[in-house]
Amino acid sequence: MGRKLLLDKAHVENIRLYEVYRREGGYRSVEKALKSMSPDQVTDEVKKSGLRGRGGAGFPSGMKWSFLAKPEGVPRYLVVNADESEPGTFKDRYLMEFIPHLLIEGMITSSYALGSNNSYIYIRGEYAWIVDILEKAIAEARNNGWLGKNILGSGFDCDIHVQRGAGAYICGEETALLESLEGKRGNPRIKPPFPAVKGLWGCPTVVNNVETIAAVVPIINEGGEEYAKIGIGKSTGTKLISACGNINKPGVYEIDMTISVEEFIYSDEYCGGIPNGRKLKACIPGGSSVPILPANLLLKTAKGETRMMTYESLADGGFATGSMMGSGGFIVMDDRQCVVRHTYTLARFYRHESCGQCSPCREGTGWMEKILWNIETGKGKMSDIDLLWDIQRKIEGNTICPLGDAAAWPVAAAIRHFRDEFEWHVNNPEEAQKRNYGLAHYADPLVVTA
Amino acid sequence: MAEQTNTPANLKVTIDNITVEVAPGTTILQAARQIGGDVTPPAMCYYSKLEGSGGKCRTCLVEVAAGSAADPRPMPKLVASCRTPIAEGMIVKNITSDRVQEARAGVVEFLLVNHPLDCPVCDQAGECHLQDLGYEHGKEGTRYEFKRRTFEPEDIGPYIQLHMNRCILCYRCTYVADQLTDDRVHGVLDRGDHANISTHISKAIENNFCGNMIDVCPVGALTDKTFRFKNRVWFTKPVEAHRDCDQCCGKVTLWQRGEDVLRVTARKDEWGEVQSHEGKPGWICNTCRFEKKKASDWVIEGPTKINRHSVISQGHYLGLKKPTETLPAVMDGRDPKLMMDIHSVSEVNRVDISELPGPATSDNFKK
């Protein structure tokens, strides 16, 4: 049984209420930070903990905080990215819905470290009911003196505001999020300047994921070095994984990053295996943007080592034979699932969510979707597969923001690992037209291909 | 730029093995324009006179082989040269990099997949940056086999014709409206491949400086309604002229046919941008652009020097060779055929080619 730092209290009855949360040891980190630590000491603890951004990129959070420019007389901002829109990812929702005070507590402590007197939660519009939960929690925290002027007599002022998005995936990109928060069209900004220098309203800003900010609470409570002892190598601490797809027990699991992928899928403590006696075919380990992996490469790396649920191990082998931890949206596919259909669905999503600002993403995502639809419905040609490969290569890395990469990677990985399925669709157009699902017999993923 | 006065020391940058000294704060694209020639990356969305423009079209991508003298690591991704400032000792590869050439060819293809290619009926033809870009960096054919994207025609006022199908979403016109006029009534609606320039809701753009949107548009998406279908630009004669105007600089180019002034535009520099006069961009007002269509309204200065962004000067090229092949030899016994049905995607003529009995003539389209 792994350690739980974020969700251990999530199922205490009425933990959403301030009194219960406080009784269970809540807001200790704020007391500790404001009464006995300087802001830089808090940042140092986060640095020592080795905490990495939980939103997808895995950038060390302490480092991000230390990059924050601190010019005199200019306000600084902390913005929490709760625009969790990645298909397959629903961990932040769980955290905010069940234990909202954890996020508020983490935000107060982090705001103290960063010197942010006004901190924002940018939450996706679809999470309308969570806005109510958060605002209630903020009001409770304010009534009990954890927010407002001169918190705990430390002279530090802080307030938290919740802003709803309007349902755009692109607003989860940090600079598009800031644009949207300023009331503009959610187009990503061109970097540099980075938000740490010029962010919200031109002021230095740190944008962090909900889970990252929540993880600050146990780091301050237990100390950065204690936190760093959990996990393997540079993957420290616990990570929320939202598992879905063909598994017996879909849901949000908090893992300490020491277990193998095989254990995570098959152990009863976590996903509980594949239902109906089916075989594992493929898995997207970190949300829809990261490359899909076939079963053989998922459980073992190309070098034959056991693949662990850590940032490094999941990325082992680069994109040729590896994937990414991403945001922790763990999508499992059994042997009835069609990779072409699945890739088409993702391509459609990215076409719909592209902001349309830069040309490779605006035109390329739509083009890829159309070609994939042709292949899926049996109207494709062999040359279309190579064309898809070429298009994704010309999108990747050439766009303003990572949405272009996120659209290109799934297509690239699907062709790289499941080219035979694409070819089957081209060679068997009638059969492909007749059924959209259930193509297991022609592409057994458990046969290792060189 | 403000930094120039604070730090007078110039920075050295090497672009395609040519070293040039530039002021701090200069972007790679501006440095390349100082060198000029082939080294300069094409720019479809960047406009030096519009603050905040650039970075969107991705045609100006370059490879940075060394970030600076202090930190000579290469940048992992190609960067948009229009928005990347120079650092001392930076080494940039543009035409010497295969990666850049490939990426740029990809961007040109992306820009053209949904472009209607209705150049034969487009007023911008001949001075269109997308045409130039296509000739210089594009491929002959297309790999796009789907129906091109179309939009419902939208009337945006008495002066400006909007052809959304031709738009490449460079955002220049929104910057013009933001920075030159008081109230912006148009902008980009929707997102992704159905993002479009429009007004909310069906308003007319009537600001006195809105005509400059036509000058900054790199393609034929925004054209002059008073010049619409009047003539092809290469049949007109550009002449520099000025008048005393209390609203703008009054320095313009007249596009004449005989004695008639068919069109008035701002003067353009060699990069297709509005020229600066006494350090200020020479934007012109709507009165000068749309109302003063008589030669007597203007003081003529002399013929305009035409830059590379135009076929208008085709008669003036040096060393022009007459082709030796005749048309029958080129056709080699084949009948001429309609290569592409532009009318199905163009907004100009809504004619179904298949319904016409014989070869289409202009009479058919006048119906």
# chains A, B, ... in the order shown; residues from 1 in each chain; ligands from 1
>>> interface_residues(of="chain B", to="chain A", cutoff="7 Å", atoms="only C-alpha atoms", output="ChimeraX atom specification")
/B:55-58,77-78,103,106-107,110-111,191-193,195
>>> select_by_dssp(residues="region 166-331 of chain B", states="helix (DSSP H, G or I)", output="MDAnalysis selection string")
chainID B and resid 166 172:180 192:194 212:216 225:227 233:235 286:291 295:297 314:316 327:331
>>> write_last_selection(atoms="N, CA and C atoms", output="CSV table (one decimal), in the first residue's frame")
chain,number,residue,atom,x,y,z
B,166,ARG,N,-10.2,33.7,-48.6
B,166,ARG,CA,-8.8,33.9,-48.9
B,166,ARG,C,-7.9,34.2,-47.7
B,172,ARG,N,-3.2,41.0,-38.9
B,172,ARG,CA,-2.7,42.3,-39.1
B,172,ARG,C,-3.8,43.4,-39.0
B,173,CYS,N,-5.0,43.0,-39.6
B,173,CYS,CA,-6.1,44.0,-39.7
B,173,CYS,C,-6.6,44.3,-38.3
B,174,THR,N,-6.6,43.3,-37.4
B,174,THR,CA,-7.1,43.6,-36.1
B,174,THR,C,-6.1,44.5,-35.3
B,175,TYR,N,-4.8,44.4,-35.6
B,175,TYR,CA,-3.8,45.3,-35.0
B,175,TYR,C,-4.0,46.7,-35.5
B,176,VAL,N,-4.3,46.8,-36.8
B,176,VAL,CA,-4.5,48.1,-37.4
B,176,VAL,C,-5.7,48.8,-36.7
B,177,ALA,N,-6.8,48.0,-36.6
B,177,ALA,CA,-8.0,48.5,-35.9
B,177,ALA,C,-7.7,48.9,-34.5
B,178,ASP,N,-6.9,48.1,-33.8
B,178,ASP,CA,-6.5,48.4,-32.4
B,178,ASP,C,-5.7,49.6,-32.3
B,179,GLN,N,-4.7,49.8,-33.1
B,179,GLN,CA,-3.7,50.8,-32.9
B,179,GLN,C,-3.9,52.0,-33.7
B,180,LEU,N,-4.7,52.0,-34.8
B,180,LEU,CA,-4.9,53.2,-35.6
B,180,LEU,C,-6.3,53.8,-35.3
B,192,GLY,N,-9.8,27.7,-34.4
B,192,GLY,CA,-9.3,26.6,-35.2
B,192,GLY,C,-9.5,26.9,-36.7
B,193,ASP,N,-9.8,25.8,-37.5
B,193,ASP,CA,-9.9,26.1,-38.9
B,193,ASP,C,-11.1,26.8,-39.3
B,194,HIS,N,-12.0,27.0,-38.4
B,194,HIS,CA,-13.2,27.8,-38.8
B,194,HIS,C,-13.1,29.2,-38.2
B,212,ASN,N,-6.7,51.4,-44.0
B,212,ASN,CA,-5.3,50.8,-43.9
B,212,ASN,C,-5.3,49.3,-43.7
B,213,MET,N,-6.5,48.8,-43.3
B,213,MET,CA,-6.6,47.3,-43.3
B,213,MET,C,-6.3,46.7,-44.6
B,214,ILE,N,-6.7,47.4,-45.7
B,214,ILE,CA,-6.5,46.9,-47.0
B,214,ILE,C,-5.0,46.8,-47.4
B,215,ASP,N,-4.3,47.9,-47.0
B,215,ASP,CA,-2.9,47.9,-47.3
B,215,ASP,C,-2.1,46.8,-46.5
B,216,VAL,N,-2.5,46.5,-45.3
B,216,VAL,CA,-1.7,45.6,-44.5
B,216,VAL,C,-2.1,44.1,-44.9
B,225,LYS,N,-13.2,48.3,-52.2
B,225,LYS,CA,-14.5,48.2,-52.9
B,225,LYS,C,-14.6,49.2,-54.1
B,226,THR,N,-13.9,50.3,-53.9
B,226,THR,CA,-14.0,51.3,-55.0
B,226,THR,C,-13.1,50.9,-56.2
B,227,PHE,N,-12.2,49.9,-56.0
B,227,PHE,CA,-11.4,49.5,-57.1
B,227,PHE,C,-11.8,48.1,-57.6
B,233,VAL,N,-3.9,45.0,-61.4
B,233,VAL,CA,-2.9,46.0,-60.9
B,233,VAL,C,-1.8,46.1,-61.9
B,234,TRP,N,-1.5,45.1,-62.7
B,234,TRP,CA,-0.3,45.2,-63.6
B,234,TRP,C,-0.7,46.0,-64.8
B,235,PHE,N,-1.9,46.3,-65.1
B,235,PHE,CA,-2.3,47.2,-66.1
B,235,PHE,C,-2.3,48.7,-65.7
B,286,ASN,N,-9.2,57.7,-44.9
B,286,ASN,CA,-10.2,57.2,-45.9
B,286,ASN,C,-10.5,58.2,-46.9
B,287,THR,N,-10.5,59.5,-46.5
B,287,THR,CA,-10.8,60.6,-47.5
B,287,THR,C,-9.8,60.5,-48.6
B,288,CYS,N,-8.5,60.4,-48.3
B,288,CYS,CA,-7.5,60.4,-49.3
B,288,CYS,C,-7.6,59.1,-50.1
B,289,ARG,N,-8.0,58.0,-49.5
B,289,ARG,CA,-8.0,56.7,-50.1
B,289,ARG,C,-9.2,56.5,-51.0
B,290,PHE,N,-10.3,56.9,-50.5
B,290,PHE,CA,-11.6,56.5,-51.2
B,290,PHE,C,-12.2,57.7,-51.9
B,291,GLU,N,-12.0,58.9,-51.5
B,291,GLU,CA,-12.8,60.1,-52.0
B,291,GLU,C,-12.0,60.9,-53.1
B,295,ALA,N,-7.2,63.1,-60.7
B,295,ALA,CA,-5.8,63.5,-60.7
B,295,ALA,C,-5.6,64.9,-60.3
B,296,SER,N,-6.6,65.7,-60.4
B,296,SER,CA,-6.5,67.1,-60.1
B,296,SER,C,-6.5,67.3,-58.5
B,297,ASP,N,-6.9,66.3,-57.8
B,297,ASP,CA,-6.9,66.4,-56.4
B,297,ASP,C,-5.4,66.3,-55.8
B,314,GLN,N,6.8,44.1,-64.7
B,314,GLN,CA,7.2,43.0,-65.5
B,314,GLN,C,7.9,43.5,-66.8
B,315,GLY,N,7.4,44.6,-67.4
B,315,GLY,CA,8.0,45.1,-68.6
B,315,GLY,C,9.4,45.7,-68.4
B,316,HIS,N,9.8,45.9,-67.1
B,316,HIS,CA,11.0,46.6,-66.8
B,316,HIS,C,12.2,45.7,-66.4
B,327,LEU,N,2.8,27.9,-78.1
B,327,LEU,CA,1.8,27.2,-77.3
B,327,LEU,C,1.4,25.9,-77.9
B,328,PRO,N,1.3,25.7,-79.2
B,328,PRO,CA,0.9,24.4,-79.7
B,328,PRO,C,2.0,23.4,-79.3
B,329,ALA,N,3.3,23.8,-79.3
B,329,ALA,CA,4.3,22.9,-79.0
B,329,ALA,C,4.2,22.4,-77.5
B,330,VAL,N,3.9,23.4,-76.7
B,330,VAL,CA,3.7,23.1,-75.3
B,330,VAL,C,2.6,22.1,-75.0
B,331,MET,N,1.5,22.4,-75.7
B,331,MET,CA,0.3,21.6,-75.5
B,331,MET,C,0.4,20.2,-76.2
>>> residues_around(residues="Pro71 (chain A)", least_positions_apart="5", cutoff="12 Å", atoms="only C-alpha atoms", output="NGL selection string")
:A and (76 or 115 or 196-198 or 203-205)
>>> closest_residue(among="B:Phe229, B:Met90, B:Val264, B:Cys285", to="Gln247 (chain B)", atoms="only C-alpha atoms")
B:Cys285
>>> residues_around(residues="Ser288 (chain A)", least_positions_apart="6", cutoff="10 Å", atoms="only C-alpha atoms", output="list of chain:residue names")
A:Glu86, A:Pro87, A:Gly88, A:Thr89, A:Gly326, A:Ser327, A:Gly328, A:Gly329, A:Phe330, A:Ile331, A:Thr343, A:Leu346, A:Phe349, A:Tyr350, A:Ala406, A:Ala407, A:Trp409, A:Pro410
>>> atom_distance(atom1="CA of Met75 (chain B)", atom2="CA of Leu11 (chain B)")
18.6 Å
>>> atom_distance(atom1="CA of Leu254 (chain B)", atom2="CA of Glu270 (chain B)")
17.2 Å
>>> residues_around(residues="Cys249 (chain B)", least_positions_apart="5", cutoff="10 Å", atoms="only C-alpha atoms", output="VMD selection string")
chain B and resid 242 to 244 266 276 to 278 280 to 285 288
>>> select_by_dssp(residues="region 189-227 of chain B", states="strand (DSSP E)", output="PyMOL selection string")
chain B and resi 189+196-199+222-224
>>> closest_residue(among="A:Val411, A:Val74, A:Ala69, A:Cys338", to="Pro195 (chain A)", atoms="only C-alpha atoms")
A:Ala69
>>> residues_around(residues="Asp98 (chain B)", least_positions_apart="5", cutoff="12 Å", atoms="only C-alpha atoms", output="number ranges by chain")
B: 61-63, 78, 93, 103-105
>>> write_last_selection(atoms="N, CA and C atoms", output="PDB file, in the first residue's frame")
ATOM      1  N   LEU B  61      10.226  31.016 -39.912  1.00  0.00           N
ATOM      2  CA  LEU B  61      10.984  30.144 -39.012  1.00  0.00           C
ATOM      3  C   LEU B  61      12.446  30.047 -39.456  1.00  0.00           C
ATOM      4  N   VAL B  62      13.347  30.157 -38.493  1.00  0.00           N
ATOM      5  CA  VAL B  62      14.763  29.967 -38.786  1.00  0.00           C
ATOM      6  C   VAL B  62      15.366  29.068 -37.711  1.00  0.00           C
ATOM      7  N   GLU B  63      16.558  28.563 -38.031  1.00  0.00           N
ATOM      8  CA  GLU B  63      17.254  27.715 -37.075  1.00  0.00           C
ATOM      9  C   GLU B  63      18.314  28.561 -36.377  1.00  0.00           C
ATOM     10  N   LEU B  78      12.908  25.276 -34.167  1.00  0.00           N
ATOM     11  CA  LEU B  78      12.989  26.424 -35.052  1.00  0.00           C
ATOM     12  C   LEU B  78      12.245  27.580 -34.383  1.00  0.00           C
ATOM     13  N   LYS B  93      20.670  30.198 -39.052  1.00  0.00           N
ATOM     14  CA  LYS B  93      20.674  29.583 -40.378  1.00  0.00           C
ATOM     15  C   LYS B  93      19.290  29.745 -40.977  1.00  0.00           C
ATOM     16  N   ALA B 103      10.553  22.927 -43.249  1.00  0.00           N
ATOM     17  CA  ALA B 103       9.460  23.452 -42.431  1.00  0.00           C
ATOM     18  C   ALA B 103       8.712  24.540 -43.178  1.00  0.00           C
ATOM     19  N   ARG B 104       9.460  25.373 -43.899  1.00  0.00           N
ATOM     20  CA  ARG B 104       8.825  26.480 -44.602  1.00  0.00           C
ATOM     21  C   ARG B 104       7.948  25.958 -45.739  1.00  0.00           C
ATOM     22  N   ALA B 105       8.456  24.942 -46.452  1.00  0.00           N
ATOM     23  CA  ALA B 105       7.629  24.346 -47.503  1.00  0.00           C
ATOM     24  C   ALA B 105       6.345  23.784 -46.897  1.00  0.00           C
TER      25      ALA B 105
END
>>> closest_residue(among="B:Cys128, B:Ile160, B:Ala23, B:Cys170", to="Gly54 (chain B)", atoms="only C-alpha atoms")
B:Cys170
>>> residues_around(residues="Asn207 (chain B)", least_positions_apart="2", cutoff="10 Å", atoms="only C-alpha atoms", output="list in words")
Ala177, Leu180, Thr181, Asp182, Asp183, Arg184, Val185, Ala204, Ile205, Phe209, Cys210, Gly211, Cys285 and Asn286 of chain B
